[in-house]
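K.L.:
One structure coming up, written as structure tokens, with questions to follow.
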Amino acid sequence: MDKRKLMEAALEARSRAYTPYSHFQVGAALLTKSGSVYQGCNIENAAYTPTICAERNAFFKAVYEGEREFAAIAVAGSPEGECRDYATPCGVCRQVMMEFCDPKTFRIYLVKSADEYREYTLEELLPMGFGPGNLEKREKQA
Ligand code: THU
């Protein structure tokens, strides 16, 4: 899939954000290895803690649909209005990525516009992350 389309999908998803409390709007577009795209936005809540981030919204939609193999995620986040800054995924979202993605190959694009983005691997944003592989090793020892 062409990268520009993925960036546009993240920006489009951002326009769906429900953010009456923070007014910080985030959109995500998650690309599967087979080329499908799942979009998510942040959805806030008056009780605050039930808020879901855009990235996890996209992951949970995709996993619900049976997806398990992911290539990349584009994330566009900034205060409401035009997307002006780069927003990095929170720690909880990085941990959810760690559950399903290879930290060396999974790409995270921070998006300001369809032409302005920064690219990282999950390993760069979550060094020495704890994932399913750690549990497998422990089971082998027992
Ligand atoms: N947010 C995301 O959607 N993704 C992130 O990775 C960082 C934070 C949302 C949660 C909340 O609705 C707002 O941004 C401010 O924290």
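Each chain of the structure tokens is named A, B, ... in the order shown, its residues numbered from 1; ligands are numbered from 1 in display order.
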So which residues of chain A fall under strand (DSSP E or B) by DSSP, listed as an MDAnalysis selection string?

P.N.:
chainID A and resid 18 24:32 37:41 43 52 70:79 107:111 117:121

K.L.:
Could you save those same residues with N, CA, C and O atoms as a CSV table (one decimal), in the first residue's frame?

P.N.:
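Done, and the output landed in again.csv:
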```csv
chain,number,residue,atom,x,y,z
A,18,TYR,N,-13.5,11.7,19.5
A,18,TYR,CA,-14.5,12.2,20.5
A,18,TYR,C,-13.7,12.7,21.7
A,18,TYR,O,-13.2,11.9,22.5
A,24,PHE,N,-7.7,17.0,22.5
A,24,PHE,CA,-6.5,16.5,21.8
A,24,PHE,C,-7.0,15.3,20.9
A,24,PHE,O,-7.4,14.3,21.4
A,25,GLN,N,-6.9,15.5,19.6
A,25,GLN,CA,-7.5,14.6,18.7
A,25,GLN,C,-6.4,13.7,18.0
A,25,GLN,O,-5.4,14.2,17.5
A,26,VAL,N,-6.7,12.4,18.1
A,26,VAL,CA,-5.7,11.4,17.5
A,26,VAL,C,-6.4,10.5,16.6
A,26,VAL,O,-7.6,10.0,16.9
A,27,GLY,N,-5.8,10.2,15.5
A,27,GLY,CA,-6.3,9.2,14.5
A,27,GLY,C,-5.2,8.2,14.2
A,27,GLY,O,-4.0,8.6,14.2
A,28,ALA,N,-5.6,7.0,14.0
A,28,ALA,CA,-4.6,5.9,13.7
A,28,ALA,C,-5.1,5.1,12.5
A,28,ALA,O,-6.3,4.9,12.3
A,29,ALA,N,-4.1,4.7,11.7
A,29,ALA,CA,-4.4,3.8,10.5
A,29,ALA,C,-3.4,2.6,10.6
A,29,ALA,O,-2.2,2.8,10.5
A,30,LEU,N,-4.0,1.5,10.9
A,30,LEU,CA,-3.2,0.3,11.1
A,30,LEU,C,-3.2,-0.6,9.8
A,30,LEU,O,-4.2,-1.0,9.3
A,31,LEU,N,-2.0,-0.9,9.3
A,31,LEU,CA,-1.8,-1.6,8.1
A,31,LEU,C,-1.5,-3.1,8.4
A,31,LEU,O,-0.5,-3.4,9.1
A,32,THR,N,-2.3,-4.0,7.9
A,32,THR,CA,-2.0,-5.5,8.1
A,32,THR,C,-1.0,-5.9,7.0
A,32,THR,O,-0.8,-5.2,6.0
A,37,VAL,N,-6.5,-2.0,5.9
A,37,VAL,CA,-6.2,-0.9,6.9
A,37,VAL,C,-7.4,-0.8,7.8
A,37,VAL,O,-8.6,-0.8,7.4
A,38,TYR,N,-7.1,-0.7,9.1
A,38,TYR,CA,-8.1,-0.5,10.2
A,38,TYR,C,-7.8,0.9,10.8
A,38,TYR,O,-6.7,1.2,11.3
A,39,GLN,N,-8.9,1.7,10.9
A,39,GLN,CA,-8.7,3.0,11.4
A,39,GLN,C,-9.3,3.1,12.8
A,39,GLN,O,-10.2,2.4,13.2
A,40,GLY,N,-8.7,4.0,13.7
A,40,GLY,CA,-9.2,4.2,15.0
A,40,GLY,C,-9.0,5.7,15.4
A,40,GLY,O,-8.1,6.3,14.9
A,41,CYS,N,-9.8,6.1,16.4
A,41,CYS,CA,-9.7,7.5,16.9
A,41,CYS,C,-9.7,7.4,18.4
A,41,CYS,O,-10.2,6.3,18.9
A,43,ILE,N,-11.4,8.0,21.9
A,43,ILE,CA,-12.8,8.2,22.4
A,43,ILE,C,-12.7,8.4,23.9
A,43,ILE,O,-12.3,7.5,24.7
A,52,ILE,N,-10.3,5.5,25.4
A,52,ILE,CA,-9.4,4.6,24.6
A,52,ILE,C,-8.6,5.5,23.6
A,52,ILE,O,-9.1,6.4,23.1
A,70,PHE,N,0.7,-7.6,11.5
A,70,PHE,CA,0.6,-6.2,11.2
A,70,PHE,C,2.0,-5.7,10.7
A,70,PHE,O,3.0,-6.1,11.2
A,71,ALA,N,1.9,-4.7,9.8
A,71,ALA,CA,3.1,-4.2,9.2
A,71,ALA,C,3.5,-2.8,9.7
A,71,ALA,O,4.7,-2.5,9.9
A,72,ALA,N,2.5,-2.0,9.9
A,72,ALA,CA,2.8,-0.6,10.3
A,72,ALA,C,1.5,0.1,10.8
A,72,ALA,O,0.4,-0.3,10.6
A,73,ILE,N,1.8,1.2,11.6
A,73,ILE,CA,0.6,2.0,12.0
A,73,ILE,C,1.1,3.5,11.8
A,73,ILE,O,2.2,3.9,12.1
A,74,ALA,N,0.1,4.3,11.3
A,74,ALA,CA,0.3,5.7,11.1
A,74,ALA,C,-0.5,6.4,12.2
A,74,ALA,O,-1.7,6.0,12.4
A,75,VAL,N,0.1,7.4,12.9
A,75,VAL,CA,-0.6,8.1,14.0
A,75,VAL,C,-0.5,9.6,13.8
A,75,VAL,O,0.5,10.1,13.6
A,76,ALA,N,-1.7,10.2,13.8
A,76,ALA,CA,-1.8,11.7,13.7
A,76,ALA,C,-2.5,12.2,14.9
A,76,ALA,O,-3.6,11.9,15.2
A,77,GLY,N,-1.7,13.0,15.7
A,77,GLY,CA,-2.3,13.6,16.9
A,77,GLY,C,-1.9,15.0,17.2
A,77,GLY,O,-0.7,15.3,17.1
A,78,SER,N,-2.8,15.8,17.5
A,78,SER,CA,-2.5,17.2,18.0
A,78,SER,C,-3.8,17.8,18.5
A,78,SER,O,-4.8,17.3,18.3
A,79,PRO,N,-3.6,19.0,19.2
A,79,PRO,CA,-4.8,19.6,19.7
A,79,PRO,C,-5.8,19.9,18.5
A,79,PRO,O,-5.3,20.0,17.4
A,107,ARG,N,6.6,-0.9,11.8
A,107,ARG,CA,6.9,0.5,11.6
A,107,ARG,C,5.8,1.4,12.2
A,107,ARG,O,4.6,1.1,12.1
A,108,ILE,N,6.2,2.5,12.9
A,108,ILE,CA,5.3,3.5,13.4
A,108,ILE,C,5.6,4.8,12.8
A,108,ILE,O,6.7,5.3,12.8
A,109,TYR,N,4.6,5.3,12.1
A,109,TYR,CA,4.7,6.6,11.4
A,109,TYR,C,4.0,7.7,12.2
A,109,TYR,O,2.8,7.5,12.5
A,110,LEU,N,4.7,8.7,12.6
A,110,LEU,CA,4.1,9.8,13.3
A,110,LEU,C,3.8,10.8,12.2
A,110,LEU,O,4.7,11.2,11.4
A,111,VAL,N,2.6,11.2,12.1
A,111,VAL,CA,2.1,12.0,10.9
A,111,VAL,C,1.7,13.4,11.3
A,111,VAL,O,0.9,13.6,12.2
A,117,TYR,N,6.1,13.1,7.7
A,117,TYR,CA,6.0,12.1,8.8
A,117,TYR,C,7.3,11.7,9.2
A,117,TYR,O,8.3,11.9,8.5
A,118,ARG,N,7.4,11.0,10.4
A,118,ARG,CA,8.6,10.5,10.9
A,118,ARG,C,8.4,9.0,11.1
A,118,ARG,O,7.3,8.6,11.5
A,119,GLU,N,9.4,8.2,10.8
A,119,GLU,CA,9.3,6.7,10.8
A,119,GLU,C,10.2,6.1,11.9
A,119,GLU,O,11.4,6.5,12.1
A,120,TYR,N,9.6,5.2,12.7
A,120,TYR,CA,10.4,4.5,13.8
A,120,TYR,C,10.0,3.0,13.7
A,120,TYR,O,8.9,2.7,13.2
A,121,THR,N,10.8,2.2,14.3
A,121,THR,CA,10.4,0.8,14.5
A,121,THR,C,9.8,0.8,16.0
A,121,THR,O,10.1,1.7,16.8
```

K.L.:
Determine which residues of range 2-124 of chain A DSSP labels as alpha helix (DSSP H) from the backbone of this structure, then write them out as number ranges by chain.

P.N.:
A: 3-14, 54-64, 91-100, 122-124

K.L.:
For ligand 1, which residue among A:Asn134, A:Arg94, A:Gly81, A:Ala62 is the nearest when counting only C-alpha atoms and all ligand atoms?

P.N.:
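Ranking A:Asn134, A:Arg94, A:Gly81, A:Ala62 by distance to ligand 1, first place goes to A:Arg94.
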
K.L.:
Show which residues sit within 10 Å of Asp115 in chain A, as a count of residues only. Count only C-alpha atoms, and ignore same-chain residues fewer than 4 positions away.

P.N.:
5

K.L.:
Please, what distance in Å, to one decimal, runs between CA of Pro127 in chain A and atom 4 (N, counted along the ligand's line) of ligand 1?

P.N.:
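Going from CA of Pro127 in chain A over to atom 4 (N, counted along the ligand's line) of ligand 1, I get 18.8 Å.
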
K.L.:
Between A:Cys101, A:Cys53, A:Leu126, A:Val63, single out the one closest to ligand 1, counting only C-alpha atoms and all ligand atoms.

P.N.:
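Result for the nearest residue to ligand 1: A:Cys53.
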
K.L.:
Tell me which of A:Arg56, A:Lys104, A:Arg16, A:Arg68 sits closest to ligand 1, counting only C-alpha atoms and all ligand atoms.

P.N.:
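Of all the options, A:Arg56 lies closest to ligand 1.
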
K.L.:
Under the rule that only C-alpha atoms and all ligand atoms are counted, which of A:Ala9, A:Cys83, A:Ala58, A:Cys93 is the nearest residue to ligand 1?

P.N.:
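Nearest to ligand 1: A:Cys93.
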
K.L.:
Which one of A:Ala46, A:Met128, A:Leu6, A:Met1 sits closest to ligand 1 if you count only C-alpha atoms and all ligand atoms?

P.N.:
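Distance minimum relative to ligand 1 lands on A:Ala46.
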
K.L.:
Looking at A:Asn57, A:Thr88, A:Thr51, A:Asn45, which one is nearest to Ala13 in chain A, with distances taken over only C-alpha atoms?

P.N.:
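Smallest separation from Ala13 in chain A among the options: A:Asn57.
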
K.L.:
Can you list, as a PyMOL selection string, every protein, DNA or RNA residue that comes within 9 Å of Gln95 in chain A when you count only C-alpha atoms, leaving out same-chain residues fewer than 2 positions away?

P.N.:
chain A and resi 90-93+97-99+126+129-131

K.L.:
Extract, using only C-alpha atoms, all DNA, RNA and protein residues at most 10 Å from Ser22 in chain A, discarding same-chain residues fewer than 6 positions from it, and format them as a list in words.

P.N.:
Glu44, Tyr48, Pro79 and Glu80 of chain A
